[in-house]
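Participant: My questions all concern the structure below.
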Amino acid sequence: MLDAHDTSAGDAGDLPSGPVLYERRGPVAYVTLNRPRYRNAQNSAMTYALDAAFYRAAEDSEVKVVVLAGAGEHFSAGHDIGTPGRDAHLSFERRAGLWWDHTDKTGAESRFARESEVYLGMCRRWRELPKPVVASVQGACVAGGLMLAWICDLIVASEDAFFADPVVRMGIPGVEYFAHPWVMPPRIAKEFLFTGDRMSARRAYEVGMVNKVVERGELAGLTHELALRIAGMPRLGLALTKRAVNQAEDLQGLHTGMDSVFGLHHLAHAHNAETAADPLGGMDIASMKKAGA
């Protein structure tokens, strides 16, 4: 299992540079996405390091609350579809399910197996971490970045944060962790997907997707203050309360709805593979940026 790097080791000016950093500050564990050069685009190395960090926080009895943040100017620009560190072709120890390794498979069999593990499977398990998780979001929170924010229990966003799921431009009905109609009203979710437009932090607050919007310079401090307030509650009480609300969401169709849309997602990939240049409908980083994603 890949491990997250601990920022408590070494001098402050010489911190480790792994894809995910881990630091405990009293009862709060900070898990930080650490590919700022690429707007924290999520390759498999980051995903598995993030998984290790969440396991570490869950197992540490001193940790009451987890804060998920992104280094640099942006929280996360989504899944890695073209940086030099893209590693979708590599094999990792599977952690989220029993699907087979994807690297020696082809077509839909390969993609479905990989995404069942690193996207839908990982996010579902992280959502069930029995400790509150607070997302601290600045800059871009796009596509796969949404998935990471949405598995968190609370979201604190800076004024300059924006949210978008532009994958309909690829002919794909939203990201793999399809929580859209649960984190915002259905008609807003349709507009969000149909247009691919960016949603401001203020608008996200208005529709109930974000808990607080703060000035960029206050984001870290106010997120930590909120985490400490939560940490004052009994650990078991927090865990049971989180489970109760998650169960209510599942009774409202979240879990089964995701299963259904995950199948549509892969139907779209398969259609693209047959009719377009590739399973992403010929879209790459440059074309997505040009389209305003």
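Letters for chains follow the order of the structure tokens (A, B, ...), residue numbers begin at 1 for each chain, and ligand numbers begin at 1 in the order shown.
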Write out as a PDB file with all heavy atoms, in the first residue's frame the residues lying within 7 Å of stretch 136-140 of chain A, counting only C-alpha atoms and excluding same-chain residues fewer than 6 positions away.
Facilitator:
ATOM      1  N   VAL A  67      -9.317  17.125   7.853  1.00  0.00           N
ATOM      2  CA  VAL A  67      -9.464  18.217   6.885  1.00  0.00           C
ATOM      3  C   VAL A  67      -8.785  17.783   5.592  1.00  0.00           C
ATOM      4  O   VAL A  67      -7.625  17.373   5.591  1.00  0.00           O
ATOM      5  CB  VAL A  67      -8.837  19.530   7.401  1.00  0.00           C
ATOM      6  CG1 VAL A  67      -8.783  20.581   6.272  1.00  0.00           C
ATOM      7  CG2 VAL A  67      -9.629  20.073   8.579  1.00  0.00           C
ATOM      8  N   LEU A  68      -9.528  17.856   4.496  1.00  0.00           N
ATOM      9  CA  LEU A  68      -8.989  17.550   3.175  1.00  0.00           C
ATOM     10  C   LEU A  68      -8.764  18.864   2.440  1.00  0.00           C
ATOM     11  O   LEU A  68      -9.698  19.649   2.252  1.00  0.00           O
ATOM     12  CB  LEU A  68      -9.958  16.667   2.387  1.00  0.00           C
ATOM     13  CG  LEU A  68      -9.548  16.334   0.949  1.00  0.00           C
ATOM     14  CD1 LEU A  68      -8.251  15.526   0.917  1.00  0.00           C
ATOM     15  CD2 LEU A  68     -10.668  15.567   0.235  1.00  0.00           C
ATOM     16  N   ALA A  69      -7.514  19.105   2.014  1.00  0.00           N
ATOM     17  CA  ALA A  69      -7.158  20.365   1.375  1.00  0.00           C
ATOM     18  C   ALA A  69      -6.313  20.092   0.139  1.00  0.00           C
ATOM     19  O   ALA A  69      -5.903  18.964  -0.126  1.00  0.00           O
ATOM     20  CB  ALA A  69      -6.395  21.253   2.369  1.00  0.00           C
ATOM     21  N   GLU A  73      -2.703  26.881  -5.623  1.00  0.00           N
ATOM     22  CA  GLU A  73      -3.790  27.786  -5.967  1.00  0.00           C
ATOM     23  C   GLU A  73      -5.144  27.098  -6.118  1.00  0.00           C
ATOM     24  O   GLU A  73      -6.178  27.764  -6.093  1.00  0.00           O
ATOM     25  CB  GLU A  73      -3.463  28.515  -7.279  1.00  0.00           C
ATOM     26  CG  GLU A  73      -2.286  29.465  -7.170  1.00  0.00           C
ATOM     27  CD  GLU A  73      -2.542  30.570  -6.160  1.00  0.00           C
ATOM     28  OE1 GLU A  73      -3.599  31.224  -6.275  1.00  0.00           O
ATOM     29  OE2 GLU A  73      -1.714  30.751  -5.262  1.00  0.00           O
ATOM     30  N   HIS A  74      -5.143  25.772  -6.293  1.00  0.00           N
ATOM     31  CA  HIS A  74      -6.384  25.073  -6.605  1.00  0.00           C
ATOM     32  C   HIS A  74      -6.561  23.828  -5.740  1.00  0.00           C
ATOM     33  O   HIS A  74      -5.586  23.152  -5.407  1.00  0.00           O
ATOM     34  CB  HIS A  74      -6.411  24.672  -8.084  1.00  0.00           C
ATOM     35  CG  HIS A  74      -6.281  25.826  -9.019  1.00  0.00           C
ATOM     36  ND1 HIS A  74      -7.338  26.660  -9.312  1.00  0.00           N
ATOM     37  CD2 HIS A  74      -5.210  26.302  -9.704  1.00  0.00           C
ATOM     38  CE1 HIS A  74      -6.927  27.603 -10.153  1.00  0.00           C
ATOM     39  NE2 HIS A  74      -5.646  27.407 -10.402  1.00  0.00           N
ATOM     40  N   PHE A  75      -7.801  23.525  -5.426  1.00  0.00           N
ATOM     41  CA  PHE A  75      -8.122  22.299  -4.692  1.00  0.00           C
ATOM     42  C   PHE A  75      -7.821  21.087  -5.556  1.00  0.00           C
ATOM     43  O   PHE A  75      -6.961  20.273  -5.235  1.00  0.00           O
ATOM     44  CB  PHE A  75      -9.592  22.323  -4.270  1.00  0.00           C
ATOM     45  CG  PHE A  75     -10.038  21.092  -3.543  1.00  0.00           C
ATOM     46  CD1 PHE A  75      -9.647  20.853  -2.242  1.00  0.00           C
ATOM     47  CD2 PHE A  75     -10.882  20.165  -4.169  1.00  0.00           C
ATOM     48  CE1 PHE A  75     -10.064  19.705  -1.569  1.00  0.00           C
ATOM     49  CE2 PHE A  75     -11.312  19.030  -3.507  1.00  0.00           C
ATOM     50  CZ  PHE A  75     -10.900  18.800  -2.202  1.00  0.00           C
ATOM     51  N   SER A  76      -8.511  20.951  -6.690  1.00  0.00           N
ATOM     52  CA  SER A  76      -8.201  19.875  -7.646  1.00  0.00           C
ATOM     53  C   SER A  76      -8.928  20.125  -8.954  1.00  0.00           C
ATOM     54  O   SER A  76     -10.128  20.382  -8.968  1.00  0.00           O
ATOM     55  CB  SER A  76      -8.604  18.501  -7.110  1.00  0.00           C
ATOM     56  OG  SER A  76      -8.354  17.495  -8.076  1.00  0.00           O
ATOM     57  N   ALA A  77      -8.157  20.005 -10.037  1.00  0.00           N
ATOM     58  CA  ALA A  77      -8.718  20.176 -11.378  1.00  0.00           C
ATOM     59  C   ALA A  77      -9.291  18.876 -11.926  1.00  0.00           C
ATOM     60  O   ALA A  77      -9.707  18.835 -13.087  1.00  0.00           O
ATOM     61  CB  ALA A  77      -7.652  20.716 -12.324  1.00  0.00           C
ATOM     62  N   ILE A 155     -18.159  21.392   3.591  1.00  0.00           N
ATOM     63  CA  ILE A 155     -17.285  22.052   2.627  1.00  0.00           C
ATOM     64  C   ILE A 155     -17.182  23.529   2.995  1.00  0.00           C
ATOM     65  O   ILE A 155     -18.194  24.228   3.090  1.00  0.00           O
ATOM     66  CB  ILE A 155     -17.805  21.927   1.184  1.00  0.00           C
ATOM     67  CG1 ILE A 155     -17.920  20.453   0.773  1.00  0.00           C
ATOM     68  CG2 ILE A 155     -16.895  22.679   0.215  1.00  0.00           C
ATOM     69  CD1 ILE A 155     -18.550  20.244  -0.599  1.00  0.00           C
ATOM     70  N   VAL A 156     -15.947  23.973   3.221  1.00  0.00           N
ATOM     71  CA  VAL A 156     -15.662  25.394   3.404  1.00  0.00           C
ATOM     72  C   VAL A 156     -14.931  25.850   2.151  1.00  0.00           C
ATOM     73  O   VAL A 156     -13.924  25.244   1.758  1.00  0.00           O
ATOM     74  CB  VAL A 156     -14.789  25.647   4.651  1.00  0.00           C
ATOM     75  CG1 VAL A 156     -14.542  27.146   4.828  1.00  0.00           C
ATOM     76  CG2 VAL A 156     -15.453  25.066   5.899  1.00  0.00           C
ATOM     77  N   ALA A 157     -15.422  26.883   1.502  1.00  0.00           N
ATOM     78  CA  ALA A 157     -14.846  27.341   0.237  1.00  0.00           C
ATOM     79  C   ALA A 157     -14.403  28.793   0.349  1.00  0.00           C
ATOM     80  O   ALA A 157     -15.030  29.597   1.047  1.00  0.00           O
ATOM     81  CB  ALA A 157     -15.864  27.202  -0.895  1.00  0.00           C
ATOM     82  N   SER A 158     -13.340  29.116  -0.351  1.00  0.00           N
ATOM     83  CA  SER A 158     -12.902  30.512  -0.434  1.00  0.00           C
ATOM     84  C   SER A 158     -13.737  31.230  -1.485  1.00  0.00           C
ATOM     85  O   SER A 158     -14.354  30.605  -2.355  1.00  0.00           O
ATOM     86  CB  SER A 158     -11.417  30.590  -0.783  1.00  0.00           C
ATOM     87  OG  SER A 158     -11.176  30.046  -2.065  1.00  0.00           O
ATOM     88  N   ASP A 160     -12.876  32.713  -4.042  1.00  0.00           N
ATOM     89  CA  ASP A 160     -12.417  32.502  -5.418  1.00  0.00           C
ATOM     90  C   ASP A 160     -12.615  31.061  -5.895  1.00  0.00           C
ATOM     91  O   ASP A 160     -12.235  30.724  -7.019  1.00  0.00           O
ATOM     92  CB  ASP A 160     -10.937  32.882  -5.556  1.00  0.00           C
ATOM     93  CG  ASP A 160     -10.013  31.942  -4.796  1.00  0.00           C
ATOM     94  OD1 ASP A 160     -10.477  31.299  -3.829  1.00  0.00           O
ATOM     95  OD2 ASP A 160      -8.826  31.848  -5.155  1.00  0.00           O
ATOM     96  N   ALA A 161     -13.201  30.214  -5.074  1.00  0.00           N
ATOM     97  CA  ALA A 161     -13.413  28.822  -5.475  1.00  0.00           C
ATOM     98  C   ALA A 161     -14.510  28.747  -6.538  1.00  0.00           C
ATOM     99  O   ALA A 161     -15.444  29.546  -6.551  1.00  0.00           O
ATOM    100  CB  ALA A 161     -13.800  27.968  -4.269  1.00  0.00           C
ATOM    101  N   PHE A 162     -14.371  27.768  -7.422  1.00  0.00           N
ATOM    102  CA  PHE A 162     -15.438  27.501  -8.383  1.00  0.00           C
ATOM    103  C   PHE A 162     -15.559  26.005  -8.597  1.00  0.00           C
ATOM    104  O   PHE A 162     -14.600  25.250  -8.419  1.00  0.00           O
ATOM    105  CB  PHE A 162     -15.207  28.226  -9.717  1.00  0.00           C
ATOM    106  CG  PHE A 162     -13.969  27.801 -10.466  1.00  0.00           C
ATOM    107  CD1 PHE A 162     -13.994  26.750 -11.370  1.00  0.00           C
ATOM    108  CD2 PHE A 162     -12.770  28.478 -10.276  1.00  0.00           C
ATOM    109  CE1 PHE A 162     -12.856  26.370 -12.070  1.00  0.00           C
ATOM    110  CE2 PHE A 162     -11.622  28.104 -10.968  1.00  0.00           C
ATOM    111  CZ  PHE A 162     -11.667  27.050 -11.861  1.00  0.00           C
ATOM    112  N   PHE A 163     -16.755  25.574  -8.976  1.00  0.00           N
ATOM    113  CA  PHE A 163     -17.093  24.168  -9.108  1.00  0.00           C
ATOM    114  C   PHE A 163     -17.627  23.929 -10.517  1.00  0.00           C
ATOM    115  O   PHE A 163     -18.398  24.729 -11.041  1.00  0.00           O
ATOM    116  CB  PHE A 163     -18.145  23.782  -8.069  1.00  0.00           C
ATOM    117  CG  PHE A 163     -17.740  24.086  -6.649  1.00  0.00           C
ATOM    118  CD1 PHE A 163     -17.916  25.370  -6.128  1.00  0.00           C
ATOM    119  CD2 PHE A 163     -17.156  23.122  -5.856  1.00  0.00           C
ATOM    120  CE1 PHE A 163     -17.525  25.673  -4.831  1.00  0.00           C
ATOM    121  CE2 PHE A 163     -16.761  23.417  -4.551  1.00  0.00           C
ATOM    122  CZ  PHE A 163     -16.944  24.695  -4.037  1.00  0.00           C
ATOM    123  N   THR A 223     -11.282  27.120   8.622  1.00  0.00           N
ATOM    124  CA  THR A 223     -11.504  25.671   8.501  1.00  0.00           C
ATOM    125  C   THR A 223     -10.984  24.963   9.737  1.00  0.00           C
ATOM    126  O   THR A 223     -11.642  24.054  10.279  1.00  0.00           O
ATOM    127  CB  THR A 223     -10.814  25.118   7.242  1.00  0.00           C
ATOM    128  OG1 THR A 223     -11.314  25.783   6.087  1.00  0.00           O
ATOM    129  CG2 THR A 223     -11.071  23.628   7.107  1.00  0.00           C
TER     130      THR A 223
END
Participant: Could you pull the residues within 12 Å of A:Leu238, counting only C-alpha atoms, minus those fewer than 4 positions along the same chain, as a list in words?
Facilitator: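 In the requested form, the answer reads Lys64, Val65, Leu129, Pro130, Lys131, Pro132, Val133, Asp153, Arg229, Ile230, Ala231, Gly232, Met233, Pro234, Lys242, Arg243, Ala244 and Val245 of chain A.
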Participant: Counting only C-alpha atoms, which residues of stretch 64-165 of chain A fall within 9 Å of stretch 251-269 of chain A, and what is the closest atom pair for each with its distance in Å at one decimal, ordered by chain and rising number, as a Markdown table?
Facilitator:
| residue | atom | partner | partner_atom | distance |
| --- | --- | --- | --- | --- |
| A:Ala108 | CA | A:His266 | CA | 7.4 |
| A:Arg111 | CA | A:His266 | CA | 8.1 |
| A:Phe112 | CA | A:His266 | CA | 6.9 |
| A:Ser116 | CA | A:Phe262 | CA | 8.7 |
| A:Leu120 | CA | A:Phe262 | CA | 8.1 |
| A:Arg124 | CA | A:His255 | CA | 8.8 |
Participant: Please write the residues from the selection above to a file, keeping C-alpha atoms, as a compact mmCIF listing (two decimals), in the first residue's frame.
Facilitator:
# COMPACT_ATOMS: atom_id res chain seq x y z
CA ALA A 108 -14.67 -1.72 -21.43
CA ARG A 111 -11.88 0.73 -17.89
CA PHE A 112 -14.82 -0.58 -15.86
CA SER A 116 -14.87 0.64 -10.12
CA LEU A 120 -16.48 4.92 -7.47
CA ARG A 124 -17.72 5.35 -1.51
Participant: Which residue, A:Glu191, A:Val134, A:Thr47, A:Arg127, has the smallest gap to A:Arg94 when you use only C-alpha atoms?
Facilitator: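 Of A:Glu191, A:Val134, A:Thr47, A:Arg127, the one nearest A:Arg94, counting only C-alpha atoms, is A:Thr47.
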Participant: Tell me, which residues of stretch 27-190 of chain A carry DSSP strand (DSSP E or B), written as a PyMOL selection string?
Facilitator: chain A and resi 28-33+42+65-70+76+79+133-137+140-142+154-158+162-164
Participant: As a ChimeraX atom specification, please: every residue in stretch 68-208 of chain A that DSSP puts in helix (DSSP H, G or I).
Facilitator: /A:107-127,144-150,166-170,180-183,186-195,201-206
Participant: Please indicate the distance in Å from atom CA of A:Val167 to atom CA of A:Gly196, rounded to one decimal place.
Facilitator: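 These atoms are spaced 7.5 Å apart.
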Participant: I need the residue nearest A:Ala179 from this list: A:Asp197, A:Asp250, A:Asp101, A:Glu93. Use only C-alpha atoms for the distance.
Facilitator: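 Closest to A:Ala179 of all the choices is A:Asp250.
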Participant: For A:Asp278, which of A:Val31, A:Ala88, A:Met170, A:Ala113 is the closest residue, counting only C-alpha atoms?
Facilitator: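 Ranking A:Val31, A:Ala88, A:Met170, A:Ala113 by distance to A:Asp278, first place goes to A:Met170.
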Participant: Between A:Ile172, A:Val66, A:Ala41, A:Ile81, which one has atoms that come closest to A:Ile151, using only C-alpha atoms?
Facilitator: A:Val66
Participant: What does the distance between atom CA of A:Met147 and atom CA of A:Gly26 come to in Å, to one decimal place?
Facilitator: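 That distance, rounded to one decimal, is 27.2 Å.
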Participant: Using only C-alpha atoms, which residue out of A:Gly217, A:Val207, A:Arg169, A:Ser200 lies closest to A:Arg187?
Facilitator: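 For A:Arg187, the nearest of the candidates is A:Val207.
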Participant: Considering only C-alpha atoms, return as a list in words whatever protein or nucleic-acid residues lie within 8 Å of A:Val118, sequence-local ones (same chain, fewer than 6 positions apart) excluded.
Facilitator: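 So the residues in contact are Ser44, Thr47, Tyr48 and Ala96 of chain A.
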Participant: Keeping only C-alpha atoms, write the selected residues to a file as a compact mmCIF listing (two decimals), in the first residue's frame.
Facilitator:
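Result file selection22.txt:
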# COMPACT_ATOMS: atom_id res chain seq x y z
CA SER A 44 -3.44 6.74 -9.40
CA THR A 47 -5.51 8.24 -5.24
CA TYR A 48 -3.79 5.39 -3.43
CA ALA A 96 -11.74 -0.83 -2.78
Participant: May I have the residues within 9 Å of A:Ala71 as a ChimeraX atom specification, using only C-alpha atoms and disregarding those fewer than 6 positions away in the same chain?
Facilitator: /A:32-36,39-40
Participant: Separation of atom CA of A:Val175 and atom CA of A:Gly85, in Å?
Facilitator: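 Interatomic distance here is 20.9 Å.
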